[in-house]
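So this one's model_17.txt, compact mmCIF, C-alpha atoms:
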# COMPACT_ATOMS: atom_id res chain seq x y z
CA MET A 528 -8.97 -70.24 -32.09
CA SER A 529 -5.88 -69.99 -29.97
CA ALA A 530 -2.38 -70.58 -31.31
CA LEU A 531 -1.28 -74.19 -31.51
CA TYR A 532 1.35 -73.56 -28.84
CA VAL A 533 -1.33 -72.39 -26.42
CA ARG A 534 -3.56 -75.38 -27.09
CA ARG A 535 -0.71 -77.86 -26.70
CA LYS A 536 0.55 -76.26 -23.52
CA PHE A 537 -2.93 -76.17 -21.97
CA ARG A 538 -3.58 -79.79 -22.85
CA GLU A 539 -0.19 -80.72 -21.40
CA TRP A 540 -0.98 -78.94 -18.16
CA LEU A 541 -4.51 -80.28 -17.90
CA THR A 542 -3.14 -83.82 -18.08
CA ASN A 543 -0.35 -83.12 -15.61
CA PRO A 544 -0.39 -85.66 -12.73
CA ALA A 545 -0.81 -82.78 -10.29
CA MET A 546 -4.26 -82.10 -11.70
CA SER A 547 -7.01 -84.07 -9.99
CA VAL A 548 -9.85 -83.82 -12.50
CA PRO A 549 -9.47 -85.96 -15.63
CA PHE A 550 -9.25 -83.97 -18.84
CA TYR A 551 -10.95 -85.06 -22.04
CA ASP A 552 -10.32 -83.25 -25.28
CA THR A 553 -13.69 -82.85 -26.95
CA VAL A 554 -12.52 -80.79 -29.92
CA ASN A 555 -13.50 -82.74 -33.00
CA ALA A 556 -13.55 -85.95 -30.98
CA ALA A 557 -16.35 -88.31 -30.05
CA THR A 558 -15.84 -88.69 -26.32
CA ASN A 559 -18.24 -90.02 -23.73
CA PRO A 560 -16.47 -89.87 -20.37
CA GLN A 561 -17.93 -91.91 -17.55
CA ASP A 562 -16.01 -90.18 -14.74
CA ASP A 563 -18.14 -88.54 -12.07
CA ILE A 564 -16.30 -85.26 -12.70
CA TRP A 565 -14.30 -84.38 -15.79
CA VAL A 566 -13.15 -81.29 -17.61
CA THR A 567 -12.76 -80.13 -21.18
CA ALA A 568 -11.42 -76.92 -22.71
CA ASP A 569 -12.61 -74.38 -25.26
CA PHE A 570 -9.98 -72.01 -26.73
CA ASN A 571 -10.66 -68.42 -27.69
CA ALA A 572 -8.12 -65.90 -29.00
CA LEU A 573 -9.40 -62.40 -28.26
CA TYR A 574 -6.86 -60.39 -30.18
CA ARG A 575 -3.32 -60.41 -31.55
CA GLU A 576 -1.17 -57.30 -31.79
CA LYS A 577 2.35 -56.29 -32.72
CA MET A 578 4.39 -55.43 -29.64
CA THR A 579 7.51 -53.75 -31.02
CA TYR A 580 9.06 -52.49 -34.23
CA CYS A 581 11.12 -55.68 -34.43
CA GLU A 582 10.17 -58.67 -36.51
CA GLY A 583 8.23 -61.47 -34.90
CA SER A 584 7.19 -59.74 -31.72
CA TRP A 585 3.49 -60.46 -31.61
CA MET A 586 1.29 -60.88 -28.57
CA GLU A 587 -1.85 -63.01 -28.52
CA GLU A 588 -4.29 -62.56 -25.71
CA GLY A 589 -7.17 -64.88 -25.16
CA ASP A 590 -8.94 -67.15 -22.76
CA VAL A 591 -9.68 -70.79 -22.29
CA SER A 592 -13.03 -71.87 -20.96
CA LEU A 593 -12.64 -74.85 -18.72
CA ILE A 594 -15.94 -76.71 -18.62
CA TYR A 595 -16.26 -78.96 -15.60
CA ASN A 596 -18.87 -81.67 -15.98
CA GLY A 597 -20.60 -83.58 -13.21
CA LEU A 598 -22.66 -86.70 -13.81
CA PRO A 599 -26.10 -86.83 -12.16
CA GLY A 600 -25.82 -87.08 -8.42
CA VAL A 601 -22.45 -85.37 -8.05
CA GLY A 602 -23.94 -82.14 -6.82
CA ASP A 603 -22.81 -78.56 -7.31
CA GLU A 604 -20.65 -78.32 -4.20
CA ALA A 605 -18.50 -81.31 -5.07
CA LEU A 606 -18.13 -80.11 -8.66
CA ILE A 607 -17.20 -76.55 -7.68
CA GLU A 608 -14.78 -77.78 -5.02
CA ALA A 609 -13.01 -80.05 -7.51
CA ALA A 610 -12.92 -77.34 -10.18
CA GLU A 611 -11.55 -74.62 -7.91
CA LYS A 612 -8.86 -76.91 -6.57
CA ASP A 613 -7.91 -77.95 -10.10
CA VAL A 614 -7.71 -74.40 -11.43
CA GLU A 615 -5.61 -73.32 -8.47
CA VAL A 616 -3.04 -75.93 -9.46
CA LEU A 617 -3.30 -74.92 -13.10
CA MET A 618 -2.65 -71.26 -12.30
CA SER A 619 0.52 -72.24 -10.45
CA PHE A 620 2.11 -73.72 -13.58
CA ARG A 621 4.85 -71.69 -15.23
CA ASP A 622 6.07 -71.85 -18.78
CA SER A 623 8.72 -69.56 -20.19
CA GLN A 624 7.88 -65.88 -20.02
CA SER A 625 6.44 -66.17 -23.51
CA PHE A 626 3.26 -67.85 -22.22
CA ILE A 627 1.58 -66.90 -18.99
CA LEU A 628 -1.79 -67.43 -17.39
CA THR A 629 -2.87 -64.05 -16.13
CA GLU A 630 -6.13 -64.59 -14.26
CA ARG A 631 -9.15 -66.80 -13.75
CA SER A 632 -12.79 -65.91 -13.62
CA ALA A 633 -15.33 -66.71 -10.96
CA VAL A 634 -17.24 -69.95 -11.29
CA ASN A 635 -19.99 -69.58 -13.86
CA ASP A 636 -23.01 -71.78 -14.26
CA PHE A 637 -22.72 -73.37 -17.71
CA SER A 638 -25.67 -75.74 -17.84
CA SER A 639 -28.55 -73.55 -16.68
CA GLY A 640 -28.74 -74.95 -13.19
CA ALA A 641 -31.04 -77.87 -12.69
CA THR A 642 -32.42 -78.08 -16.20
CA ASN A 643 -29.78 -80.56 -17.33
CA GLN A 644 -29.04 -83.87 -15.76
CA ASN A 645 -25.35 -83.37 -16.40
CA TYR A 646 -24.38 -80.36 -14.36
CA GLN A 647 -21.71 -78.11 -15.87
CA ILE A 648 -19.78 -75.15 -14.57
CA GLU A 649 -17.23 -72.95 -16.32
CA ILE A 650 -14.06 -71.19 -15.20
CA ILE A 651 -12.39 -68.92 -17.74
CA VAL A 652 -8.59 -68.68 -17.62
CA SER A 653 -6.99 -65.74 -19.43
CA TYR A 654 -3.59 -65.99 -21.06
CA GLN A 655 -0.93 -63.96 -22.86
CA TYR A 656 1.24 -65.58 -25.48
CA GLN A 657 4.25 -63.83 -27.04
CA GLU A 658 5.33 -65.31 -30.32
CA ASP A 659 9.08 -65.48 -30.85
CA MET B 189 2.09 -41.97 -54.49
CA THR B 190 2.19 -44.91 -52.14
CA ALA B 191 2.67 -44.70 -48.42
CA VAL B 192 5.58 -46.55 -46.84
CA SER B 193 4.73 -48.88 -44.01
CA THR B 194 6.60 -48.86 -40.70
CA LYS B 195 6.84 -52.64 -40.94
CA ASP B 196 10.53 -52.56 -41.86
CA VAL B 197 11.56 -49.72 -39.59
CA SER B 198 14.56 -50.54 -37.39
CA ILE B 199 15.86 -48.34 -34.58
CA TYR B 200 19.48 -48.27 -33.52
CA PHE B 201 21.56 -46.51 -30.86
CA SER B 202 25.33 -46.35 -31.12
CA LYS B 203 26.74 -48.53 -28.35
CA THR B 204 30.39 -47.60 -28.89
CA LYS B 205 32.28 -44.40 -29.53
CA GLY B 206 32.90 -45.52 -33.11
CA THR B 207 36.27 -46.00 -34.79
CA ALA B 208 38.55 -42.97 -35.00
CA MET B 209 39.78 -41.70 -38.36
CA VAL B 210 42.28 -39.03 -39.29
CA CYS B 211 40.73 -36.45 -41.59
CA THR B 212 41.63 -33.01 -42.89
CA ALA B 213 39.53 -29.96 -43.64
CA PRO B 214 36.38 -30.51 -45.76
CA THR B 215 36.70 -29.49 -49.37
CA GLY B 216 34.61 -29.37 -52.50
CA SER B 217 32.71 -26.96 -54.62
CA GLY B 218 29.15 -25.86 -55.14
CA GLY B 219 27.00 -28.42 -56.92
CA SER B 220 28.76 -31.40 -55.39
CA GLU B 221 28.77 -33.20 -52.07
CA ILE B 222 31.03 -32.09 -49.27
CA ALA B 223 34.19 -34.18 -49.30
CA VAL B 224 36.25 -34.79 -46.18
CA PRO B 225 39.76 -35.98 -47.07
CA MET B 226 40.79 -38.97 -45.00
CA THR B 227 44.39 -39.79 -44.16
CA THR B 228 43.62 -43.00 -42.33
CA GLY B 229 40.33 -44.79 -41.88
CA ASN B 230 37.92 -47.17 -43.49
CA VAL B 231 34.36 -46.24 -44.35
CA GLU B 232 31.73 -48.35 -46.06
CA GLN B 233 28.95 -46.91 -48.18
CA TYR B 234 26.14 -45.52 -46.00
CA ASP B 235 28.16 -45.76 -42.80
CA VAL B 236 27.40 -43.02 -40.29
CA VAL B 237 30.36 -40.68 -39.80
CA GLN B 238 30.67 -38.01 -37.13
CA PHE B 239 32.85 -34.89 -37.11
CA ARG B 240 33.58 -32.09 -34.68
CA GLY B 241 35.59 -28.90 -34.87
CA THR B 242 35.39 -28.04 -38.56
CA GLY B 243 33.43 -24.89 -37.76
CA TRP B 244 30.88 -25.94 -40.37
CA GLY B 245 27.55 -26.63 -38.75
CA LYS B 246 26.20 -29.26 -41.08
CA VAL B 247 29.48 -31.22 -41.05
CA ASP B 248 29.92 -31.08 -37.26
CA ASN B 249 27.14 -33.60 -36.82
CA ALA B 250 26.45 -37.19 -37.62
CA CYS B 251 26.30 -37.61 -41.40
CA VAL B 252 26.12 -40.50 -43.86
CA ALA B 253 28.91 -41.43 -46.27
CA SER B 254 27.63 -41.73 -49.82
CA ALA B 255 30.40 -44.10 -50.91
CA ALA B 256 33.08 -46.35 -49.50
CA ALA B 257 36.48 -44.78 -48.81
CA ASN B 258 39.72 -45.75 -47.15
CA ASP B 259 43.23 -44.43 -46.49
CA GLY B 260 44.03 -41.50 -48.73
CA GLY B 261 40.49 -41.18 -50.04
CA SER B 262 37.70 -38.75 -49.25
CA ILE B 263 34.46 -39.24 -47.41
CA ASN B 264 31.61 -37.79 -49.42
CA LEU B 265 28.74 -36.68 -47.23
CA LEU B 266 25.46 -37.89 -48.65
CA GLY B 267 23.26 -35.10 -49.95
CA LEU B 268 25.15 -32.23 -48.31
CA GLU B 269 26.16 -29.60 -50.84
CA ASN B 270 29.44 -27.80 -50.47
CA THR B 271 28.38 -24.18 -50.10
CA TYR B 272 30.58 -23.01 -47.24
CA ALA B 273 31.77 -19.48 -47.78
CA GLY B 274 34.34 -19.52 -45.01
CA THR B 275 37.35 -21.70 -44.40
CA ALA B 276 36.59 -24.95 -42.67
CA SER B 277 39.10 -26.41 -40.25
CA ALA B 278 40.36 -29.94 -40.00
CA PRO B 279 38.02 -31.88 -37.72
CA THR B 280 39.21 -32.39 -34.18
CA LYS B 281 37.14 -35.54 -34.01
CA SER B 282 36.39 -37.94 -36.85
CA VAL B 283 34.76 -41.29 -36.22
CA VAL B 284 32.88 -43.86 -38.23
CA TYR B 285 30.16 -46.17 -36.93
CA GLY B 286 30.37 -49.55 -38.59
CA GLU B 287 27.97 -52.44 -38.48
CA ASN B 288 29.06 -53.64 -35.03
CA ASP B 289 28.82 -50.25 -33.37
CA TRP B 290 25.03 -50.31 -33.14
CA ILE B 291 22.52 -51.95 -30.88
CA LYS B 292 19.15 -52.66 -32.45
CA LEU B 293 16.33 -51.65 -30.15
CA CYS B 294 13.05 -53.52 -30.08
CA LEU B 295 10.95 -50.58 -28.98
CA SER B 296 7.20 -50.57 -28.59
CA GLU B 297 6.93 -46.81 -28.87
CA LEU B 298 8.98 -43.79 -29.83
CA THR B 299 8.32 -40.08 -29.99
CA ILE B 300 10.36 -37.33 -31.56
CA ASN B 301 9.79 -33.88 -30.11
CA ALA B 302 11.60 -31.10 -31.90
CA SER B 303 12.17 -27.80 -30.20
CA ASP B 304 13.93 -24.57 -31.06
CA PRO B 305 17.41 -24.01 -29.63
CA THR B 306 17.33 -22.82 -26.05
CA THR B 307 17.90 -19.11 -25.42
CA VAL B 308 18.53 -17.02 -22.35
CA ALA B 309 16.79 -13.65 -22.02
CA VAL B 310 19.23 -10.72 -21.62
CA PRO B 311 16.91 -7.71 -21.81
CA THR B 312 18.26 -4.14 -21.75
CA TYR B 313 16.47 -0.79 -21.92
CA CYS B 314 17.62 -0.45 -25.49
CA SER B 315 16.67 -3.99 -26.46
CA PRO B 316 14.00 -5.39 -24.11
CA SER B 317 13.64 -8.63 -26.08
CA ALA B 318 17.35 -9.44 -26.45
CA VAL B 319 18.28 -13.10 -26.09
CA LEU B 320 21.47 -15.12 -26.22
CA GLU B 321 21.91 -18.75 -27.14
CA SER B 322 22.06 -20.93 -24.08
CA ALA B 323 25.36 -22.64 -23.37
CA VAL B 324 23.39 -25.88 -23.03
CA GLN B 325 21.98 -26.66 -26.44
CA GLU B 326 19.12 -29.01 -27.10
CA ALA B 327 17.05 -29.62 -30.15
CA GLY B 328 14.24 -31.61 -28.57
CA THR B 329 13.87 -35.05 -27.15
CA PHE B 330 13.64 -38.57 -28.41
CA GLY B 331 11.38 -40.63 -26.18
CA PHE B 332 11.42 -44.41 -26.27
CA GLY B 333 9.72 -47.31 -24.55
CA GLY B 334 9.73 -51.07 -24.69
CA TYR B 335 9.21 -54.29 -22.78
CA LEU B 336 11.79 -55.17 -20.18
CA ASN B 337 13.77 -58.39 -20.46
CA VAL B 338 17.33 -58.37 -19.24
CA CYS B 339 18.05 -61.48 -21.33
CA ASP B 340 17.40 -59.53 -24.53
CA ALA B 341 20.40 -57.84 -26.12
CA ASP B 342 18.98 -54.33 -26.17
CA TYR B 343 17.81 -53.63 -22.62
CA PRO B 344 21.16 -54.07 -20.81
CA GLU B 345 22.87 -51.79 -23.35
CA LEU B 346 20.12 -49.20 -23.07
CA TYR B 347 20.29 -49.31 -19.31
CA ARG B 348 24.04 -48.74 -19.39
CA LEU B 349 23.74 -45.87 -21.86
CA CYS B 350 21.13 -44.17 -19.68
CA ALA B 351 22.84 -44.84 -16.35
CA ASP B 352 26.09 -43.39 -17.68
CA GLN B 353 24.31 -40.59 -19.54
CA GLU B 354 26.25 -41.49 -22.65
CA GLU B 355 26.27 -39.54 -25.87
CA VAL B 356 24.65 -41.61 -28.59
CA VAL B 357 23.93 -41.43 -32.27
CA ILE B 358 20.38 -42.44 -33.11
CA LYS B 359 19.78 -44.13 -36.44
CA ILE B 360 16.28 -44.99 -37.60
CA ASP B 361 16.39 -47.17 -40.70
CA LEU B 362 13.17 -46.55 -42.61
CA GLY B 363 13.41 -49.72 -44.68
CA ASN B 364 12.58 -50.19 -48.33
CA ASP B 365 9.59 -49.77 -50.58
CA GLY B 366 10.46 -52.45 -53.10
CA ASP B 367 13.80 -51.34 -54.56
CA CYS B 368 13.48 -47.82 -53.18
CA GLN B 369 15.52 -47.47 -50.02
CA GLN B 370 13.87 -44.93 -47.74
CA GLY B 371 17.07 -44.00 -45.93
CA TRP B 372 17.80 -43.11 -42.35
CA LEU B 373 16.82 -40.52 -39.78
CA ILE B 374 19.97 -39.53 -37.91
CA ALA B 375 20.49 -37.40 -34.81
CA GLU B 376 22.83 -37.13 -31.85
CA GLY B 377 21.93 -36.80 -28.22
CA VAL B 378 22.65 -37.60 -24.61
CA CYS B 379 20.74 -40.36 -22.84
CA SER B 380 18.76 -39.13 -19.89
CA SER B 381 19.39 -40.95 -16.64
CA SER B 382 15.72 -40.79 -15.75
CA MET B 383 14.71 -44.20 -17.05
CA GLN B 384 11.30 -45.28 -15.83
CA TRP B 385 9.58 -48.59 -15.35
CA SER B 386 5.94 -49.53 -15.41
CA LEU B 387 4.66 -52.57 -13.55
CA PRO B 388 1.01 -53.17 -14.41
CA ILE B 389 -0.85 -55.48 -12.12
CA ASP B 390 -1.70 -57.68 -15.07
CA GLY B 391 0.67 -57.47 -18.00
CA ALA B 392 4.23 -57.04 -19.16
CA ILE B 393 6.87 -54.93 -17.39
CA GLU B 394 7.68 -51.90 -19.49
CA TYR B 395 10.48 -49.32 -19.49
CA SER B 396 10.75 -45.88 -20.97
CA GLY B 397 13.41 -43.23 -21.29
CA SER B 398 14.51 -40.28 -23.34
CA VAL B 399 17.45 -38.80 -25.17
CA LEU B 400 18.12 -35.09 -25.07
CA LEU B 401 18.83 -34.28 -28.71
CA GLN B 402 21.87 -32.16 -29.50
CA ASN B 403 20.75 -31.59 -33.05
CA LYS B 404 17.59 -32.13 -34.99
CA PHE B 405 16.95 -35.30 -36.93
CA ARG B 406 18.11 -35.20 -40.51
CA HIS B 407 16.86 -37.53 -43.21
CA PHE B 408 19.53 -39.09 -45.43
CA PHE B 409 18.49 -41.30 -48.32
CA PRO B 410 20.40 -42.65 -51.33
CA THR B 411 18.45 -40.67 -53.92
CA MET B 412 18.35 -37.44 -51.94
CA PRO B 413 18.99 -34.15 -53.74
CA LEU B 414 21.84 -31.93 -52.63
CA VAL B 415 20.78 -29.67 -49.78
CA ARG B 416 22.58 -26.49 -48.85

Structure encoded using structure tokens:
Amino acid sequence: MSALYVRRKFREWLTNPAMSVPFYDTVNAATNPQDDIWVTADFNALYREKMTYCEGSWMEEGDVSLIYNGLPGVGDEALIEAAEKDVEVLMSFRDSQSFILTERSAVNDFSSGATNQNYQIEIIVSYQYQED
Amino acid sequence: MTAVSTKDVSIYFSKTKGTAMVCTAPTGSGGSEIAVPMTTGNVEQYDVVQFRGTGWGKVDNACVASAAANDGGSINLLGLENTYAGTASAPTKSVVYGENDWIKLCLSELTINASDPTTVAVPTYCSPSAVLESAVQEAGTFGFGGYLNVCDADYPELYRLCADQEEVVIKIDLGNDGDCQQGWLIAEGVCSSSMQWSLPIDGAIEYSGSVLLQNKFRHFFPTMPLVR
């Protein structure tokens, strides 16, 4: 569970017009996208620690799993190409220094290859969030 | 016994030279706090006061006033018993550090390393282990580190203090345990110019530095017993 600020900021960025893959929030929502390629996000806070002796200086580190979904027939190359392009744009976004995206993972297979009709891949984006 | 958390600890450096006062020689008697008569000045309770030139070691340091005082009054030094056998002189320097004379530091780490006063070996055939006190006195170091942000209030002040190798008073407020105020750790020192920065490939930019202590930290607290 990431902080609300992190979730809101990610959702804002994933729906930014510069992003090419449509984002659908699937957290507690009945969604059935019909786009050939679409993406959703899963938020994970890894830890939260106090940074200084002063009040309110806490750092949350975590990651967001971006799950890119391809309908049958899209193919892995098209899905990976769209995902990598999308994440490159995402990583270029800048908030204040209090919230930064630090790195992205390699592309991971999320749907066990050919066993599912709907092919899914995952890219994990790590973040640091400093609470004021 | 209950342990006191560091949650409410606050760390301060003096950012000014304080406000000058005019004081005369410390007075008092055994069994009471040292009193420094003040001709002109204004001191609030628990303000840090600093004297030089009285010839009395424990006064010629940063101390804490146990009560408010102003023109014509006396500054009582918290917890310091008047036991001086000699004749103390009027201080050549008397300053008080009020609320606005401090910069609060948001540090991520601090270390206090105490050391014995520096000596210089002066061996002779009669006394092979003879030593003299070094002209340059130090009582250890105070190391500090934090996260760099020039838009914060503390970093620019710290940078200036280190770059100019300023003398500072260090005040560490230990906070409260309920109604029990834990007091302050107080020392004086000179900021080292060797500030360092750390730029991790993936993370926050950090700085670190140190203060060469001129005297050891002393703990002042409101309920402290008189110490000789």

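Candidate residues A:Ser529, A:Asn555, A:Ser547, A:Gln647 were compared for distance to Leu606 of chain A, and the nearest is A:Gln647, using only C-alpha atoms.
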
**Request:** Kindly determine which residues of chain B lie within 10 Å of chain A, considering all atoms listed in the file, and give the answer as a list in words.
**Result:** Thr194, Lys195, Asp196, Val197, Ser198, Ile199, Lys292, Leu293, Cys294, Leu295, Ser296, Glu297, Leu298, Gly333, Gly334, Tyr335, Asn337, Ile389, Asp390, Gly391 and Ala392 of chain B

Centre and size of axis-aligned box enclosing segment 537-549 of chain A plus 8 Å each side, as lines of an AutoDock Vina configuration file:
center_x = -5.0
center_y = -81.1
center_z = -16.4
size_x = 25.7
size_y = 25.8
size_z = 28.9

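Residue nearest Leu617 of chain A, chosen from A:Asn645, A:Asn559, A:Asn596, A:Ser653 and counting only C-alpha atoms: A:Ser653.
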
**Message:** Within 10 Å of (-11.7, -63.1, -15.0) in the file's own coordinates, which protein, DNA or RNA residues have an atom, counting all atoms listed in the file? List them as a PyMOL selection string.
**Reply:** chain A and resi 590+629-634+650-653

**Item:** Who sits within 9 Å of Ile291 of chain B, only C-alpha atoms, same chain under 3 positions skipped, as an NGL selection string
**Value:** :B and (199-203 or 288 or 341-342 or 345-346)

**Prompt:** If we count all atoms listed in the file, what is near segment 239-256 of chain B at a cut-off of 7 Å, once residues fewer than 2 positions away on the same chain are taken out, given as a PyMOL selection string?
**Reply:** chain B and resi 213+231-237+263-266+276-283+374-376+408

**Item:** Gap from atom CA of Gly286 of chain B to atom CA of Gln353 of chain B - Å, one decimal
**Value:** 21.9 Å

**Request:** Identify which of the residues A:Asp552, A:Asp622, A:Asp603, A:Glu587 lies closest to Asp636 of chain A, counting all atoms listed in the file when measuring atom-to-atom distances.
**Result:** A:Asp603

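Distances from B:Ala327, B:Glu269, B:Leu320, B:Glu355 to Thr204 of chain B were compared using only C-alpha atoms, and the smallest one belongs to B:Glu355.
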
**Counting all atoms listed in the file, the residue of B:Cys379, B:Leu268, B:Ala208, B:Cys339 that sits nearest Glu221 of chain B** = B:Leu268

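When only C-alpha atoms are used to compute distances to Leu349 of chain B, the closest of the residues B:Val399, B:Leu362, B:Cys314, B:Met209 turns out to be B:Val399.
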
**Asked** How far is it from atom CA of Trp290 of chain B to atom CA of Asp361 of chain B, in Å with one decimal?
**Response** 11.9 Å

**Message:** Report as a PyMOL selection string all protein, DNA and RNA residues lying within 8 Å of segment 566-571 of chain A, evaluated on only C-alpha atoms, omitting residues in the same chain fewer than 2 positions from it.
**Reply:** chain A and resi 528-529+534+548-554+564+573+589-596

**Complete:** Separating atom CA of Leu401 of chain B from atom CA of Ser381 of chain B, to the nearest tenth of an Å, is a gap of 13.8 Å

**Message:** Excluding Trp540 of chain A and its own-chain neighbours fewer than 4 positions away, which residues fall within 8 Å of it when counting all atoms listed in the file? Please give them as a list in words.
**Reply:** Lys536, Met546, Leu617 and Phe620 of chain A

**Message:** I'd like the neighbourhood of Ser386 of chain B as a PyMOL selection string, where a residue qualifies if any of its atoms comes within 7 Å (using only C-alpha atoms), though same-chain residues fewer than 4 positions away should be ignored.
**Reply:** chain B and resi 393-395
